[in-house]
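Visitor: Enclosed is the structure file structure.cif (mmCIF, C-alpha atoms).
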data_final
#
loop_
_atom_site.label_atom_id
_atom_site.label_comp_id
_atom_site.auth_asym_id
_atom_site.auth_seq_id
_atom_site.Cartn_x
_atom_site.Cartn_y
_atom_site.Cartn_z
CA MET A 15 -49.26 0.92 -37.30
CA THR A 16 -47.12 3.97 -38.02
CA ASP A 17 -49.00 6.96 -39.44
CA HIS A 18 -47.31 6.92 -42.85
CA ALA A 19 -49.39 9.82 -44.20
CA ARG A 20 -48.26 12.09 -41.38
CA ASP A 21 -44.67 10.99 -41.87
CA LEU A 22 -44.89 11.81 -45.58
CA VAL A 23 -45.78 15.39 -44.63
CA SER A 24 -42.72 15.47 -42.36
CA VAL A 25 -40.58 14.17 -45.24
CA ARG A 26 -41.82 16.99 -47.48
CA GLU A 27 -41.10 19.59 -44.81
CA ALA A 28 -37.61 18.21 -44.11
CA THR A 29 -36.85 18.06 -47.84
CA GLU A 30 -37.89 21.68 -48.27
CA ARG A 31 -35.59 22.74 -45.42
CA LEU A 32 -32.78 20.83 -47.07
CA LEU A 33 -33.39 22.32 -50.51
CA ILE A 34 -33.48 25.86 -49.12
CA ALA A 35 -30.23 25.33 -47.22
CA VAL A 36 -28.41 23.64 -50.10
CA GLY A 37 -29.64 26.35 -52.48
CA LYS A 38 -27.50 28.86 -50.56
CA LEU A 39 -24.29 26.95 -51.41
CA ASP A 40 -22.13 27.26 -54.49
CA ASN A 41 -20.29 24.75 -56.67
CA ALA A 42 -17.10 25.03 -54.62
CA SER A 43 -19.00 24.34 -51.37
CA VAL A 44 -20.62 21.23 -52.83
CA SER A 45 -17.20 19.75 -53.64
CA GLN A 46 -15.88 20.28 -50.10
CA PRO A 47 -15.76 17.47 -47.53
CA SER A 48 -18.89 16.58 -45.60
CA ARG A 49 -18.84 15.26 -42.04
CA LEU A 50 -18.93 11.70 -43.36
CA PRO A 51 -15.43 10.24 -43.82
CA GLY A 52 -14.45 10.04 -47.48
CA TRP A 53 -17.55 11.79 -48.76
CA SER A 54 -17.87 15.29 -50.15
CA ARG A 55 -21.12 17.20 -49.78
CA GLY A 56 -21.79 16.12 -53.35
CA HIS A 57 -21.62 12.49 -52.26
CA VAL A 58 -24.20 13.15 -49.54
CA LEU A 59 -26.54 14.92 -51.96
CA ALA A 60 -26.15 12.18 -54.56
CA HIS A 61 -26.88 9.54 -51.94
CA LEU A 62 -30.03 11.36 -50.83
CA ALA A 63 -31.34 11.51 -54.38
CA ARG A 64 -30.61 7.89 -55.13
CA ASN A 65 -32.08 6.82 -51.77
CA ALA A 66 -35.38 8.50 -52.68
CA ASP A 67 -35.44 6.49 -55.91
CA ALA A 68 -34.47 3.33 -54.04
CA LEU A 69 -37.34 3.69 -51.58
CA ALA A 70 -39.71 4.38 -54.48
CA ASN A 71 -38.48 1.09 -55.96
CA VAL A 72 -39.39 -0.68 -52.73
CA LEU A 73 -42.85 0.88 -52.65
CA GLU A 74 -43.40 -0.23 -56.24
CA GLY A 75 -42.29 -3.81 -55.59
CA ARG A 76 -38.81 -3.69 -57.13
CA PRO A 77 -35.45 -4.37 -55.46
CA MET A 78 -34.19 -1.35 -53.55
CA TYR A 79 -30.91 -1.30 -55.51
CA VAL A 80 -29.71 -3.43 -58.42
CA SER A 81 -26.71 -4.30 -56.23
CA GLY A 82 -24.50 -2.79 -53.57
CA ARG A 83 -21.84 -2.16 -56.19
CA ALA A 84 -24.30 -0.36 -58.44
CA ARG A 85 -25.49 1.77 -55.50
CA ASP A 86 -21.94 2.88 -54.73
CA ALA A 87 -21.15 3.49 -58.39
CA ASP A 88 -24.21 5.71 -58.80
CA ILE A 89 -23.16 7.85 -55.83
CA GLU A 90 -19.61 8.21 -57.16
CA ARG A 91 -20.96 9.11 -60.60
CA ASP A 92 -23.32 11.77 -59.30
CA ALA A 93 -21.16 13.31 -56.56
CA PRO A 94 -19.15 15.75 -58.79
CA ARG A 95 -22.20 17.37 -60.41
CA PRO A 96 -22.68 21.16 -60.12
CA LEU A 97 -25.07 22.61 -57.58
CA ASP A 98 -27.95 23.27 -59.95
CA VAL A 99 -27.94 19.66 -61.14
CA GLN A 100 -27.76 18.35 -57.58
CA LEU A 101 -30.71 20.53 -56.56
CA GLY A 102 -32.79 19.46 -59.54
CA ASP A 103 -32.09 15.79 -58.86
CA LEU A 104 -32.91 16.15 -55.16
CA ARG A 105 -36.21 17.87 -55.96
CA GLU A 106 -37.23 15.46 -58.74
CA SER A 107 -36.28 12.28 -56.87
CA ALA A 108 -38.15 13.51 -53.78
CA ALA A 109 -41.22 14.06 -55.95
CA ARG A 110 -40.92 10.55 -57.39
CA PHE A 111 -40.86 9.10 -53.88
CA GLN A 112 -43.94 11.08 -52.87
CA GLU A 113 -45.74 10.00 -56.05
CA ALA A 114 -44.96 6.34 -55.37
CA ALA A 115 -46.23 6.75 -51.82
CA ALA A 116 -49.47 8.37 -53.02
CA VAL A 117 -50.60 5.23 -54.85
CA PRO A 118 -53.24 3.33 -52.82
CA ALA A 119 -51.56 0.28 -51.28
CA ASP A 120 -51.53 -2.08 -48.33
CA TRP A 121 -49.28 -0.17 -45.95
CA SER A 122 -49.23 -3.10 -43.50
CA ARG A 123 -47.40 -5.31 -45.99
CA THR A 124 -43.80 -6.37 -45.39
CA VAL A 125 -41.18 -5.01 -47.78
CA GLU A 126 -37.51 -5.86 -48.29
CA LEU A 127 -34.76 -3.25 -48.08
CA ARG A 128 -30.99 -3.69 -48.44
CA ASN A 129 -29.08 -6.76 -47.28
CA GLY A 130 -32.22 -8.76 -46.60
CA VAL A 131 -33.60 -6.29 -44.04
CA THR A 132 -37.41 -6.30 -43.92
CA ASP A 133 -39.87 -3.81 -42.48
CA SER A 134 -43.47 -2.72 -42.69
CA ALA A 135 -44.22 -0.51 -45.70
CA SER A 136 -45.72 1.98 -43.25
CA ARG A 137 -42.24 2.62 -41.82
CA LEU A 138 -40.67 3.64 -45.14
CA PRO A 139 -41.69 7.31 -44.88
CA PHE A 140 -40.06 7.53 -41.45
CA ARG A 141 -36.92 5.89 -42.82
CA ARG A 142 -36.82 8.50 -45.57
CA TRP A 143 -37.38 11.26 -43.01
CA ALA A 144 -34.37 9.98 -41.08
CA GLU A 145 -32.22 9.98 -44.23
CA VAL A 146 -33.10 13.59 -45.01
CA GLU A 147 -32.68 14.92 -41.47
CA LEU A 148 -29.44 13.15 -40.53
CA HIS A 149 -27.74 13.76 -43.86
CA HIS A 150 -28.73 17.43 -43.69
CA VAL A 151 -26.67 17.50 -40.48
CA ASP A 152 -23.88 15.56 -42.22
CA LEU A 153 -23.50 18.33 -44.80
CA GLY A 154 -21.99 20.58 -42.13
CA ILE A 155 -23.76 23.72 -43.33
CA GLY A 156 -25.22 25.00 -40.06
CA TYR A 157 -28.00 22.47 -39.39
CA GLU A 158 -27.17 20.56 -36.22
CA LEU A 159 -28.64 17.71 -34.20
CA GLU A 160 -30.06 20.32 -31.82
CA ASP A 161 -32.05 21.77 -34.75
CA LEU A 162 -33.87 18.52 -35.54
CA PRO A 163 -37.62 18.35 -34.85
CA ALA A 164 -38.31 17.06 -31.34
CA GLU A 165 -40.67 14.35 -32.58
CA PHE A 166 -38.07 13.07 -35.01
CA VAL A 167 -35.34 12.96 -32.36
CA GLU A 168 -37.47 10.96 -29.94
CA ARG A 169 -38.61 8.50 -32.60
CA GLU A 170 -35.13 8.03 -34.02
CA ILE A 171 -33.77 7.30 -30.55
CA ASP A 172 -36.59 4.76 -30.21
CA PHE A 173 -35.63 3.24 -33.56
CA LEU A 174 -31.90 3.04 -32.89
CA ALA A 175 -32.26 1.80 -29.31
CA ASP A 176 -34.49 -0.97 -30.67
CA ARG A 177 -31.98 -1.72 -33.42
CA PHE A 178 -29.21 -2.44 -30.91
CA THR A 179 -31.48 -4.33 -28.51
CA GLY A 180 -30.32 -7.93 -28.16
CA HIS A 181 -26.97 -7.24 -29.84
CA PRO A 182 -24.45 -9.53 -28.11
CA GLU A 183 -21.60 -7.01 -28.46
CA VAL A 184 -23.48 -4.19 -26.72
CA PRO A 185 -23.87 -4.50 -22.92
CA SER A 186 -27.30 -4.01 -21.42
CA THR A 187 -27.64 -0.24 -21.38
CA ARG A 188 -30.12 2.30 -20.05
CA LEU A 189 -30.31 5.61 -21.90
CA THR A 190 -31.91 8.65 -20.33
CA ASP A 191 -32.23 12.38 -20.85
CA GLY A 192 -33.54 12.79 -17.31
CA THR A 193 -37.19 12.71 -18.37
CA ARG A 194 -37.46 9.48 -20.34
CA ALA A 195 -35.47 6.25 -20.45
CA TRP A 196 -34.72 3.75 -23.20
CA SER A 197 -33.19 0.27 -22.99
CA THR A 198 -30.79 -1.22 -25.50
CA GLY A 199 -28.05 -3.81 -25.80
CA SER A 200 -28.00 -7.40 -24.65
CA ALA A 201 -30.67 -8.82 -22.37
CA ALA A 202 -30.06 -8.64 -18.61
CA PRO A 203 -32.24 -8.40 -15.47
CA GLU A 204 -30.78 -4.94 -14.80
CA PRO A 205 -28.82 -2.62 -17.11
CA GLU A 206 -25.05 -2.78 -16.70
CA ILE A 207 -24.47 0.72 -18.04
CA THR A 208 -26.44 3.96 -17.69
CA VAL A 209 -25.86 6.69 -20.28
CA THR A 210 -27.24 10.15 -19.53
CA GLY A 211 -27.32 13.23 -21.72
CA SER A 212 -29.39 15.51 -23.90
CA ARG A 213 -31.51 13.91 -26.58
CA ALA A 214 -29.31 15.46 -29.26
CA ASP A 215 -26.20 13.89 -27.71
CA LEU A 216 -27.92 10.53 -27.22
CA LEU A 217 -29.05 10.51 -30.84
CA GLY A 218 -25.64 11.65 -32.05
CA TRP A 219 -23.96 8.74 -30.26
CA LEU A 220 -26.51 6.13 -31.35
CA ALA A 221 -26.39 7.33 -34.95
CA GLY A 222 -22.59 7.50 -35.10
CA ARG A 223 -22.57 11.29 -35.46
CA ARG A 224 -20.95 12.07 -32.09
CA ASP A 225 -18.35 10.30 -29.98
CA GLY A 226 -20.31 10.50 -26.74
CA ALA A 227 -18.11 13.15 -25.16
CA GLY A 228 -21.22 15.05 -24.06
CA LEU A 229 -22.67 12.04 -22.26
CA THR A 230 -22.31 10.91 -18.64
CA VAL A 231 -21.73 7.18 -18.16
CA SER A 232 -22.01 5.05 -15.03
CA GLY A 233 -21.47 1.33 -14.49
CA GLY A 234 -18.60 1.06 -16.96
CA PRO A 235 -17.20 2.69 -20.09
CA LEU A 236 -19.40 4.02 -22.86
CA PRO A 237 -20.29 1.01 -25.03
CA THR A 238 -18.83 0.75 -28.51
CA LEU A 239 -21.70 0.47 -30.95
CA PRO A 240 -21.47 -1.64 -34.11
CA PRO A 241 -21.81 0.15 -37.48
CA LEU A 242 -25.33 0.96 -38.61
#
How does this structure look as structure tokens?
Guide:
Amino acid sequence: MTDHARDLVSVREATERLLIAVGKLDNASVSQPSRLPGWSRGHVLAHLARNADALANVLEGRPMYVSGRARDADIERDAPRPLDVQLGDLRESAARFQEAAAVPADWSRTVELRNGVTDSASRLPFRRWAEVELHHVDLGIGYELEDLPAEFVEREIDFLADRFTGHPEVPSTRLTDGTRAWSTGSAAPEPEITVTGSRADLLGWLAGRRDGAGLTVSGGPLPTLPPL
């Protein structure tokens, strides 16, 4: 089982890095576009706060969100807030998530996330860690994929490669950084495609943050991945 307690420490550390970085912005910077199409930095910050509350809901046995429409409406409502309000909400929602996770519980139990997705409760801290790290990059304020903790990068590649494994629209693919290899895509005796690059570039492509221009591909074109 995943070491949820260790991951909760990593979430706290990642959140602190995020808060320090965002604290150096100003109100005008928060309203500027993020790297996510159609979202300002305020949208990203609002999403991060509401995601912390949503994962606390899951830990406490409630639905993650009231509905998809309510989730989107909450982000739109909170996106235009000034920097000090965004920072306070980020800090307080992060604390609520940590408090929910501190309650003694069966971490091996299965919980339900959005759209009927289920997972072990022990994986929720890692999911939150991924939200904080990747959306910190999405803010476009100097924190890049190359700055992510090495352990996180390897585990997130594991997670995303597994997510696309068996997907009928993704050809059987071998991913490698030259030292380790991952398999993803549809089942086949041998991989059709081999994708080689740095771990940052592999993660960027798998997570939809980079177009794969930094990768080397053999056996065919770079596969088109479905939305996460």
Visitor: Residue by residue, what does the PyMOL selection byres ((chain A and resi 51-58) around 7) grab here? Present the result as a list in words.
Guide: Val44, Ser45, Gln46, Pro47, Ser48, Arg49, Leu50, Leu59, Ala60, His61, Leu62, Ile89, Glu90, Ala93, Pro94, His149 and Leu153 of chain A
Visitor: Please list as number ranges by chain every residue within 6 Å of range 177-191 of chain A, counting all atoms listed in the file and excluding residues in the same chain fewer than 4 positions away.
Guide: A: 195-201, 205-213
Visitor: Go ahead and compute the interatomic distance for CA of Ser24 in chain A and CA of Gly226 in chain A, in Å to one decimal.
Guide: 27.8 Å
Visitor: Given the file shown, determine the residues that the PyMOL selection byres ((chain A and resi 241) around 10) selects; report them as a PyMOL selection string.
Guide: chain A and resi 220-222+238-240+242
Visitor: Would you mind reading off the distance between CA of Asp88 in chain A and CA of Arg123 in chain A, one decimal, in Å?
Guide: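 Those two atoms sit 28.7 Å apart.
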Visitor: For range 113-116 of chain A, list every protein, DNA or RNA residue within 7 Å, evaluated using all atoms listed in the file, and leave out those in the same chain fewer than 3 positions away; present the list as a PyMOL selection string.
Guide: chain A and resi 70+73-74+109-110
Visitor: Taking the file above as input, evaluate the PyMOL selection byres ((chain A and resi 21) around 10) and report the hits as a list in words.
Guide: Thr16, Asp17, His18, Ala19, Arg20, Leu22, Val23, Ser24, Val25, Arg26, Glu27, Ser136, Arg137, Leu138, Pro139, Phe140, Arg141, Arg142, Trp143 and Phe166 of chain A
Visitor: Write the residues of the preceding selection, restricted to C-alpha atoms, as a tab-separated table (two decimals), in the frame of the given file.
Guide:
chain	number	residue	atom	x	y	z
A	16	THR	CA	-47.12	3.97	-38.02
A	17	ASP	CA	-49.00	6.96	-39.44
A	18	HIS	CA	-47.31	6.92	-42.85
A	19	ALA	CA	-49.39	9.82	-44.20
A	20	ARG	CA	-48.26	12.09	-41.38
A	22	LEU	CA	-44.89	11.81	-45.58
A	23	VAL	CA	-45.78	15.39	-44.63
A	24	SER	CA	-42.72	15.47	-42.36
A	25	VAL	CA	-40.58	14.17	-45.24
A	26	ARG	CA	-41.82	16.99	-47.48
A	27	GLU	CA	-41.10	19.59	-44.81
A	136	SER	CA	-45.72	1.98	-43.25
A	137	ARG	CA	-42.24	2.62	-41.82
A	138	LEU	CA	-40.67	3.64	-45.14
A	139	PRO	CA	-41.69	7.31	-44.88
A	140	PHE	CA	-40.06	7.53	-41.45
A	141	ARG	CA	-36.92	5.89	-42.82
A	142	ARG	CA	-36.82	8.50	-45.57
A	143	TRP	CA	-37.38	11.26	-43.01
A	166	PHE	CA	-38.07	13.07	-35.01
Visitor: Measure the distance from CA of Val151 in chain A to CA of Leu229 in chain A in Å and round it to one decimal.
Guide: 19.4 Å
Visitor: Taking all atoms listed in the file into account, which of A:Asp67, A:Glu204, A:Asp152, A:Asp133 comes nearest Gly233 in chain A?
Guide: A:Glu204
Visitor: Given only C-alpha atoms as the basis, pick out the residue of A:Ser134, A:Asn41, A:Ser232, A:Ser107 nearest to Asp120 in chain A.
Guide: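 When distances to Asp120 in chain A are compared using only C-alpha atoms, the smallest one comes from A:Ser134.
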Visitor: Let me make sure I understand: among A:Gly130, A:Arg64, A:Ala175, A:Gly156, which one has the smallest atom-to-atom distance to Ala108 in chain A if we use only C-alpha atoms?
Guide: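 That would be A:Arg64, the residue with the smallest distance to Ala108 in chain A.
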Visitor: Pick from A:Ala164, A:Val80, A:Leu33, A:Leu174: nearest to Leu104 in chain A, with only C-alpha atoms counted?
Guide: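 Selected residue with least distance to Leu104 in chain A: A:Leu33.
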Visitor: Any chance you could build range 150-167 of chain A out to N, CA and C atoms and write it as a PDB file, in the frame of the given file?
Guide:
ATOM      1  N   HIS A 150     -28.791  15.959 -43.720  1.00  0.00           N
ATOM      2  CA  HIS A 150     -28.730  17.430 -43.690  1.00  0.00           C
ATOM      3  C   HIS A 150     -27.683  17.860 -42.661  1.00  0.00           C
ATOM      4  N   VAL A 151     -27.695  17.217 -41.494  1.00  0.00           N
ATOM      5  CA  VAL A 151     -26.670  17.500 -40.480  1.00  0.00           C
ATOM      6  C   VAL A 151     -25.286  17.149 -41.011  1.00  0.00           C
ATOM      7  N   ASP A 152     -25.175  16.016 -41.714  1.00  0.00           N
ATOM      8  CA  ASP A 152     -23.880  15.560 -42.220  1.00  0.00           C
ATOM      9  C   ASP A 152     -23.244  16.534 -43.202  1.00  0.00           C
ATOM     10  N   LEU A 153     -24.051  17.366 -43.839  1.00  0.00           N
ATOM     11  CA  LEU A 153     -23.500  18.330 -44.800  1.00  0.00           C
ATOM     12  C   LEU A 153     -22.604  19.359 -44.122  1.00  0.00           C
ATOM     13  N   GLY A 154     -22.821  19.608 -42.835  1.00  0.00           N
ATOM     14  CA  GLY A 154     -21.990  20.580 -42.130  1.00  0.00           C
ATOM     15  C   GLY A 154     -22.193  21.993 -42.622  1.00  0.00           C
ATOM     16  N   ILE A 155     -23.454  22.385 -42.794  1.00  0.00           N
ATOM     17  CA  ILE A 155     -23.760  23.720 -43.330  1.00  0.00           C
ATOM     18  C   ILE A 155     -24.625  24.519 -42.355  1.00  0.00           C
ATOM     19  N   GLY A 156     -24.534  24.195 -41.063  1.00  0.00           N
ATOM     20  CA  GLY A 156     -25.220  25.000 -40.060  1.00  0.00           C
ATOM     21  C   GLY A 156     -26.466  24.365 -39.468  1.00  0.00           C
ATOM     22  N   TYR A 157     -26.841  23.188 -39.925  1.00  0.00           N
ATOM     23  CA  TYR A 157     -28.000  22.470 -39.390  1.00  0.00           C
ATOM     24  C   TYR A 157     -27.446  21.371 -38.494  1.00  0.00           C
ATOM     25  N   GLU A 158     -27.778  21.449 -37.194  1.00  0.00           N
ATOM     26  CA  GLU A 158     -27.170  20.560 -36.220  1.00  0.00           C
ATOM     27  C   GLU A 158     -28.214  19.615 -35.606  1.00  0.00           C
ATOM     28  N   LEU A 159     -27.737  18.644 -34.855  1.00  0.00           N
ATOM     29  CA  LEU A 159     -28.640  17.710 -34.200  1.00  0.00           C
ATOM     30  C   LEU A 159     -29.629  18.437 -33.289  1.00  0.00           C
ATOM     31  N   GLU A 160     -29.182  19.535 -32.695  1.00  0.00           N
ATOM     32  CA  GLU A 160     -30.060  20.320 -31.820  1.00  0.00           C
ATOM     33  C   GLU A 160     -31.174  21.005 -32.604  1.00  0.00           C
ATOM     34  N   ASP A 161     -31.034  21.116 -33.917  1.00  0.00           N
ATOM     35  CA  ASP A 161     -32.050  21.770 -34.750  1.00  0.00           C
ATOM     36  C   ASP A 161     -33.121  20.797 -35.248  1.00  0.00           C
ATOM     37  N   LEU A 162     -32.922  19.510 -35.036  1.00  0.00           N
ATOM     38  CA  LEU A 162     -33.870  18.520 -35.540  1.00  0.00           C
ATOM     39  C   LEU A 162     -35.209  18.625 -34.823  1.00  0.00           C
ATOM     40  N   PRO A 163     -36.313  18.336 -35.503  1.00  0.00           N
ATOM     41  CA  PRO A 163     -37.620  18.350 -34.850  1.00  0.00           C
ATOM     42  C   PRO A 163     -37.658  17.403 -33.652  1.00  0.00           C
ATOM     43  N   ALA A 164     -38.291  17.845 -32.571  1.00  0.00           N
ATOM     44  CA  ALA A 164     -38.310  17.060 -31.340  1.00  0.00           C
ATOM     45  C   ALA A 164     -38.950  15.686 -31.560  1.00  0.00           C
ATOM     46  N   GLU A 165     -40.029  15.637 -32.332  1.00  0.00           N
ATOM     47  CA  GLU A 165     -40.670  14.350 -32.580  1.00  0.00           C
ATOM     48  C   GLU A 165     -39.730  13.395 -33.297  1.00  0.00           C
ATOM     49  N   PHE A 166     -39.005  13.925 -34.281  1.00  0.00           N
ATOM     50  CA  PHE A 166     -38.070  13.070 -35.010  1.00  0.00           C
ATOM     51  C   PHE A 166     -36.994  12.526 -34.076  1.00  0.00           C
ATOM     52  N   VAL A 167     -36.422  13.386 -33.249  1.00  0.00           N
ATOM     53  CA  VAL A 167     -35.340  12.960 -32.360  1.00  0.00           C
ATOM     54  C   VAL A 167     -35.812  11.835 -31.450  1.00  0.00           C
TER      55      VAL A 167
END
